[in-house]
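Scroll down for the structure; my scribbles are underneath it.
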Amino acid sequence: MSSFNRRGILIASLGILFSGFNAAVGALEQPALKPKRVGQVIVWRNKKYTAIKSGKKIIWNKGITIVSTPSPKNSQSPMPQASVADAKPSSGPPKITEIRIAASNDLSAGETKIFMNKDSYGRGKPYIITRSNKGLVAFDNVCTHEGCGVELENHKLICKCHISYFDSNTGKAISGPANAPLKSYEVKESNGEIFVLDFPW
């Protein structure tokens, strides 16, 4: 066999080896936990991943890096559902935003619902809203155990990844491996609309 042919075989073998290595490295960059449903959200290695459908499979998207102090959004944002509480330009941390979640009549007394707020790119952040006897309460839907999405089933908040239950009025962990409460948000009602106060997403 000529040295030219041997060199070609060696180069092709190295190419296959490196492509397999790159695929393995790429796989390590995805969460080890398998997604259960489309829209499920977890936080892993400082990234927020959302489960999406790819063909017949449910996979994690590429993930969005979580930045602790993202730059504030321009007050002329194309998102009509959000109004920045303080529109003055600032180089400091981002300002809390009033995010329109739903119409007041979308949530009856004693009812709990999960509302998805979508930005101008179609990315969504779910909020759990309950109209309790003390008024409105709002929580994040990210389980405090391992970051899976909390769902509403039979009027109960449940994380199906490891079966943790949460109180829909307080966000407190009731049972399961989760022991910390769901993150809560300030919520208000004005002119027939429900708003959650959160940082721009």
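Every chain in the structure tokens has a letter given in the order shown (A, B, ...), and although residue numbers restart at 1 in each chain, ligands are simply numbered from 1 in the order shown.
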
Quick one: residues within 6 Å of Gln40 of chain A, only C-alpha atoms counted, chain neighbours fewer than 6 positions away excluded, as a PyMOL selection string? chain A and resi 50-51+149

Write the selection just made, keeping N, CA and C atoms, as a PDB file, in the first residue's frame?
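Once written, selection-v4.pdb looks like this:
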```pdb
ATOM      1  N   THR A  50     -35.752  24.382  27.940  1.00  0.00           N
ATOM      2  CA  THR A  50     -37.176  24.107  27.746  1.00  0.00           C
ATOM      3  C   THR A  50     -37.319  22.893  26.829  1.00  0.00           C
ATOM      4  N   ALA A  51     -38.221  21.989  27.183  1.00  0.00           N
ATOM      5  CA  ALA A  51     -38.445  20.793  26.372  1.00  0.00           C
ATOM      6  C   ALA A  51     -39.238  21.168  25.113  1.00  0.00           C
ATOM      7  N   GLY A 149     -40.458  21.330  35.675  1.00  0.00           N
ATOM      8  CA  GLY A 149     -41.638  22.188  35.643  1.00  0.00           C
ATOM      9  C   GLY A 149     -42.748  21.664  36.541  1.00  0.00           C
TER      10      GLY A 149
END
```

Near segment 182-185 of chain A, counting only C-alpha atoms, which residues have an atom at most 12 Å away, once you skip same-chain residues fewer than 2 positions from it, shown as a ChimeraX atom specification? /A:96-99,127-130,136-145,147-150,157-159,164-174,178-180,187-188,195-199

Next, the residues of the selection above should be written as a short mmCIF file (atom, residue, chain, number, x, y, z; two decimals), in the first residue's frame with N, CA and C atoms.
```cif
data_model
loop_
_atom_site.label_atom_id
_atom_site.label_comp_id
_atom_site.auth_asym_id
_atom_site.auth_seq_id
_atom_site.Cartn_x
_atom_site.Cartn_y
_atom_site.Cartn_z
N ILE A 96 -37.65 46.26 37.69
CA ILE A 96 -38.82 45.38 37.78
C ILE A 96 -39.84 45.82 36.75
N THR A 97 -40.46 44.85 36.08
CA THR A 97 -41.42 45.13 35.03
C THR A 97 -42.79 44.59 35.43
N GLU A 98 -43.84 45.34 35.11
CA GLU A 98 -45.20 44.83 35.28
C GLU A 98 -45.54 44.01 34.05
N ILE A 99 -45.66 42.72 34.23
CA ILE A 99 -45.93 41.81 33.11
C ILE A 99 -47.39 41.42 33.12
N TYR A 127 -46.17 31.31 34.86
CA TYR A 127 -46.44 31.81 36.21
C TYR A 127 -47.66 31.08 36.75
N ILE A 128 -47.58 30.63 38.00
CA ILE A 128 -48.72 30.02 38.67
C ILE A 128 -49.44 31.12 39.43
N ILE A 129 -50.73 31.32 39.13
CA ILE A 129 -51.52 32.36 39.79
C ILE A 129 -52.71 31.72 40.50
N THR A 130 -52.92 32.08 41.76
CA THR A 130 -54.07 31.61 42.53
C THR A 130 -54.84 32.81 43.05
N LEU A 136 -54.76 37.75 45.24
CA LEU A 136 -53.95 37.03 44.25
C LEU A 136 -52.57 36.70 44.80
N VAL A 137 -52.08 35.50 44.47
CA VAL A 137 -50.70 35.11 44.76
C VAL A 137 -50.10 34.54 43.48
N ALA A 138 -48.78 34.71 43.32
CA ALA A 138 -48.11 34.25 42.10
C ALA A 138 -46.81 33.54 42.46
N PHE A 139 -46.54 32.45 41.72
CA PHE A 139 -45.33 31.66 41.97
C PHE A 139 -44.67 31.27 40.64
N ASP A 140 -43.38 30.96 40.75
CA ASP A 140 -42.64 30.38 39.62
C ASP A 140 -43.07 28.92 39.49
N ASN A 141 -42.97 28.36 38.28
CA ASN A 141 -43.36 26.95 38.15
C ASN A 141 -42.14 26.03 38.14
N VAL A 142 -40.98 26.51 38.57
CA VAL A 142 -39.76 25.69 38.59
C VAL A 142 -39.66 25.01 39.96
N CYS A 143 -39.64 23.68 39.94
CA CYS A 143 -39.56 22.90 41.17
C CYS A 143 -38.25 23.20 41.90
N THR A 144 -38.31 23.33 43.21
CA THR A 144 -37.13 23.67 44.00
C THR A 144 -36.26 22.45 44.30
N HIS A 145 -36.64 21.29 43.79
CA HIS A 145 -35.82 20.10 44.00
C HIS A 145 -34.73 20.01 42.94
N GLY A 147 -35.42 21.47 39.53
CA GLY A 147 -35.68 22.42 38.44
C GLY A 147 -36.64 21.96 37.36
N CYS A 148 -37.37 20.89 37.57
CA CYS A 148 -38.38 20.48 36.59
C CYS A 148 -39.58 21.43 36.66
N GLY A 149 -40.46 21.33 35.67
CA GLY A 149 -41.64 22.19 35.64
C GLY A 149 -42.75 21.66 36.54
N VAL A 150 -43.33 22.56 37.34
CA VAL A 150 -44.47 22.20 38.19
C VAL A 150 -45.74 22.34 37.36
N LEU A 157 -50.74 21.32 42.73
CA LEU A 157 -49.48 21.63 42.05
C LEU A 157 -48.53 20.47 42.28
N ILE A 158 -48.06 19.87 41.19
CA ILE A 158 -47.20 18.69 41.30
C ILE A 158 -46.03 18.79 40.32
N CYS A 159 -44.85 18.38 40.80
CA CYS A 159 -43.71 18.18 39.91
C CYS A 159 -43.62 16.69 39.67
N SER A 164 -43.17 15.79 43.73
CA SER A 164 -43.23 16.77 44.82
C SER A 164 -44.52 17.56 44.67
N TYR A 165 -45.20 17.82 45.80
CA TYR A 165 -46.43 18.59 45.80
C TYR A 165 -46.21 19.94 46.49
N PHE A 166 -46.91 20.96 46.00
CA PHE A 166 -46.79 22.31 46.56
C PHE A 166 -48.18 22.88 46.83
N ASP A 167 -48.28 23.70 47.87
CA ASP A 167 -49.53 24.37 48.22
C ASP A 167 -49.77 25.52 47.24
N SER A 168 -50.94 25.56 46.62
CA SER A 168 -51.22 26.57 45.59
C SER A 168 -51.50 27.95 46.18
N ASN A 169 -51.73 28.03 47.50
CA ASN A 169 -51.98 29.32 48.14
C ASN A 169 -50.72 29.94 48.75
N THR A 170 -49.75 29.09 49.11
CA THR A 170 -48.55 29.59 49.78
C THR A 170 -47.26 29.27 49.02
N GLY A 171 -47.32 28.31 48.09
CA GLY A 171 -46.13 27.86 47.39
C GLY A 171 -45.27 26.91 48.20
N LYS A 172 -45.69 26.61 49.43
CA LYS A 172 -44.93 25.75 50.33
C LYS A 172 -44.89 24.31 49.82
N ALA A 173 -43.71 23.65 49.96
CA ALA A 173 -43.59 22.24 49.61
C ALA A 173 -44.35 21.41 50.62
N ILE A 174 -45.24 20.54 50.12
CA ILE A 174 -46.09 19.72 50.99
C ILE A 174 -45.50 18.33 51.19
N ALA A 178 -38.77 17.71 47.30
CA ALA A 178 -38.62 19.17 47.40
C ALA A 178 -38.98 19.61 48.82
N ASN A 179 -38.17 20.50 49.41
CA ASN A 179 -38.49 20.99 50.75
C ASN A 179 -38.52 22.51 50.83
N ALA A 180 -38.09 23.19 49.77
CA ALA A 180 -38.14 24.66 49.75
C ALA A 180 -39.40 25.10 49.00
N VAL A 187 -47.83 40.34 42.88
CA VAL A 187 -48.86 40.34 41.84
C VAL A 187 -49.88 41.41 42.16
N LYS A 188 -50.40 42.06 41.14
CA LYS A 188 -51.42 43.07 41.39
C LYS A 188 -52.47 43.03 40.29
N PHE A 195 -51.31 41.51 36.74
CA PHE A 195 -49.90 41.76 36.43
C PHE A 195 -49.01 41.07 37.47
N VAL A 196 -47.88 40.50 36.99
CA VAL A 196 -46.85 39.99 37.89
C VAL A 196 -45.66 40.93 37.78
N LEU A 197 -45.06 41.27 38.90
CA LEU A 197 -43.87 42.12 38.90
C LEU A 197 -42.64 41.23 38.89
N ASP A 198 -41.89 41.31 37.80
CA ASP A 198 -40.72 40.44 37.62
C ASP A 198 -39.70 41.21 36.80
N PHE A 199 -38.47 40.71 36.78
CA PHE A 199 -37.46 41.30 35.93
C PHE A 199 -37.76 40.94 34.47
#
```

Here is a test: counting only C-alpha atoms, which residue of A:Gly39, A:Gly63, A:Gly135, A:Pro181 is nearest to Ser108 of chain A? A:Gly135

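Here atom CA of Lys34 of chain A is placed at a distance of 13.8 Å from atom CA of Ser54 of chain A.
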
One number please: atom CA of Lys53 of chain A to atom CA of Val38 of chain A, in Å, one decimal. 6.4 Å

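The nearest approach to Asn133 of chain A among the residues A:Asn117, A:Lys62, A:Ile52, A:Ala109, with only C-alpha atoms taken into account, belongs to A:Ala109.
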
Identify, with DSSP run on backbone atoms, the residues in segment 90-189 of chain A assigned to strand (DSSP E or B), and express the list as a short mmCIF file (atom, residue, chain, number, x, y, z; two decimals) with N, CA and C atoms, in the first residue's frame.
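File written: out-v4.cif
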```cif
data_model
loop_
_atom_site.label_atom_id
_atom_site.label_comp_id
_atom_site.auth_asym_id
_atom_site.auth_seq_id
_atom_site.Cartn_x
_atom_site.Cartn_y
_atom_site.Cartn_z
N THR A 97 -40.46 44.85 36.08
CA THR A 97 -41.42 45.13 35.03
C THR A 97 -42.79 44.59 35.43
N GLU A 98 -43.84 45.34 35.11
CA GLU A 98 -45.20 44.83 35.28
C GLU A 98 -45.54 44.01 34.05
N ILE A 99 -45.66 42.72 34.23
CA ILE A 99 -45.93 41.81 33.11
C ILE A 99 -47.39 41.42 33.12
N ARG A 100 -48.10 41.76 32.07
CA ARG A 100 -49.52 41.42 31.98
C ARG A 100 -49.66 39.91 31.79
N ILE A 101 -50.40 39.30 32.69
CA ILE A 101 -50.54 37.85 32.68
C ILE A 101 -51.87 37.41 32.10
N ALA A 102 -52.96 38.06 32.52
CA ALA A 102 -54.29 37.62 32.08
C ALA A 102 -55.31 38.70 32.42
N ALA A 103 -56.50 38.51 31.89
CA ALA A 103 -57.62 39.37 32.29
C ALA A 103 -58.12 38.88 33.65
N THR A 112 -56.81 28.18 40.65
CA THR A 112 -55.38 28.26 40.34
C THR A 112 -55.19 27.92 38.87
N LYS A 113 -54.38 28.72 38.18
CA LYS A 113 -54.05 28.44 36.78
C LYS A 113 -52.59 28.74 36.52
N ILE A 114 -52.04 28.11 35.48
CA ILE A 114 -50.69 28.41 35.03
C ILE A 114 -50.81 29.20 33.73
N PHE A 115 -50.30 30.42 33.75
CA PHE A 115 -50.35 31.29 32.59
C PHE A 115 -48.95 31.40 31.99
N MET A 116 -48.88 31.34 30.65
CA MET A 116 -47.59 31.46 29.95
C MET A 116 -47.47 32.86 29.37
N ASN A 117 -46.43 33.58 29.80
CA ASN A 117 -46.16 34.89 29.23
C ASN A 117 -45.09 34.70 28.15
N LYS A 118 -45.40 35.11 26.91
CA LYS A 118 -44.44 34.95 25.81
C LYS A 118 -43.88 36.30 25.40
N GLY A 124 -41.32 31.59 26.31
CA GLY A 124 -42.32 31.78 27.35
C GLY A 124 -41.79 31.52 28.74
N LYS A 125 -42.40 32.18 29.72
CA LYS A 125 -42.12 31.92 31.13
C LYS A 125 -43.45 31.69 31.81
N PRO A 126 -43.64 30.53 32.43
CA PRO A 126 -44.91 30.24 33.09
C PRO A 126 -44.98 30.86 34.49
N TYR A 127 -46.17 31.31 34.86
CA TYR A 127 -46.44 31.81 36.21
C TYR A 127 -47.66 31.08 36.75
N ILE A 128 -47.58 30.63 38.00
CA ILE A 128 -48.72 30.02 38.67
C ILE A 128 -49.44 31.12 39.43
N ILE A 129 -50.73 31.32 39.13
CA ILE A 129 -51.52 32.36 39.79
C ILE A 129 -52.71 31.72 40.50
N THR A 130 -52.92 32.08 41.76
CA THR A 130 -54.07 31.61 42.53
C THR A 130 -54.84 32.81 43.05
N ARG A 131 -56.16 32.76 42.89
CA ARG A 131 -57.02 33.79 43.51
C ARG A 131 -57.52 33.19 44.82
N SER A 132 -56.80 33.49 45.90
CA SER A 132 -57.14 32.94 47.22
C SER A 132 -58.12 33.87 47.92
N GLY A 135 -56.68 37.25 48.31
CA GLY A 135 -56.31 37.98 47.10
C GLY A 135 -55.49 37.11 46.17
N LEU A 136 -54.76 37.75 45.24
CA LEU A 136 -53.95 37.03 44.25
C LEU A 136 -52.57 36.70 44.80
N VAL A 137 -52.08 35.50 44.47
CA VAL A 137 -50.70 35.11 44.76
C VAL A 137 -50.10 34.54 43.48
N ALA A 138 -48.78 34.71 43.32
CA ALA A 138 -48.11 34.25 42.10
C ALA A 138 -46.81 33.54 42.46
N PHE A 139 -46.54 32.45 41.72
CA PHE A 139 -45.33 31.66 41.97
C PHE A 139 -44.67 31.27 40.64
N ASP A 140 -43.38 30.96 40.75
CA ASP A 140 -42.64 30.38 39.62
C ASP A 140 -43.07 28.92 39.49
N VAL A 142 -40.98 26.51 38.57
CA VAL A 142 -39.76 25.69 38.59
C VAL A 142 -39.66 25.01 39.96
N GLY A 149 -40.46 21.33 35.67
CA GLY A 149 -41.64 22.19 35.64
C GLY A 149 -42.75 21.66 36.54
N VAL A 150 -43.33 22.56 37.34
CA VAL A 150 -44.47 22.20 38.19
C VAL A 150 -45.74 22.34 37.36
N GLU A 151 -46.63 21.35 37.48
CA GLU A 151 -47.87 21.33 36.71
C GLU A 151 -49.08 21.40 37.65
N LEU A 152 -50.21 21.70 37.07
CA LEU A 152 -51.48 21.72 37.81
C LEU A 152 -52.26 20.47 37.40
N GLU A 153 -52.57 19.63 38.39
CA GLU A 153 -53.30 18.40 38.11
C GLU A 153 -54.30 18.15 39.24
N LYS A 156 -54.16 20.42 42.11
CA LYS A 156 -52.96 20.35 42.94
C LYS A 156 -51.74 20.69 42.09
N LEU A 157 -50.74 21.32 42.73
CA LEU A 157 -49.48 21.63 42.05
C LEU A 157 -48.53 20.47 42.28
N ILE A 158 -48.06 19.87 41.19
CA ILE A 158 -47.20 18.69 41.30
C ILE A 158 -46.03 18.79 40.32
N CYS A 159 -44.85 18.38 40.80
CA CYS A 159 -43.71 18.18 39.91
C CYS A 159 -43.62 16.69 39.67
N SER A 164 -43.17 15.79 43.73
CA SER A 164 -43.23 16.77 44.82
C SER A 164 -44.52 17.56 44.67
N TYR A 165 -45.20 17.82 45.80
CA TYR A 165 -46.43 18.59 45.80
C TYR A 165 -46.21 19.94 46.49
N PHE A 166 -46.91 20.96 46.00
CA PHE A 166 -46.79 22.31 46.56
C PHE A 166 -48.18 22.88 46.83
N ALA A 173 -43.71 23.65 49.96
CA ALA A 173 -43.59 22.24 49.61
C ALA A 173 -44.35 21.41 50.62
N ILE A 174 -45.24 20.54 50.12
CA ILE A 174 -46.09 19.72 50.99
C ILE A 174 -45.50 18.33 51.19
N SER A 175 -45.05 17.72 50.08
CA SER A 175 -44.49 16.37 50.17
C SER A 175 -43.55 16.14 48.99
N SER A 184 -41.86 33.12 44.91
CA SER A 184 -43.08 33.91 44.79
C SER A 184 -42.80 35.25 44.13
N TYR A 185 -43.84 35.84 43.55
CA TYR A 185 -43.75 37.13 42.89
C TYR A 185 -44.84 38.04 43.43
N GLU A 186 -44.55 39.34 43.42
CA GLU A 186 -45.59 40.30 43.75
C GLU A 186 -46.57 40.33 42.58
N VAL A 187 -47.83 40.34 42.88
CA VAL A 187 -48.86 40.34 41.84
C VAL A 187 -49.88 41.41 42.16
N LYS A 188 -50.40 42.06 41.14
CA LYS A 188 -51.42 43.07 41.39
C LYS A 188 -52.47 43.03 40.29
N GLU A 189 -53.60 43.64 40.59
CA GLU A 189 -54.73 43.66 39.68
C GLU A 189 -55.14 45.11 39.46
#
```
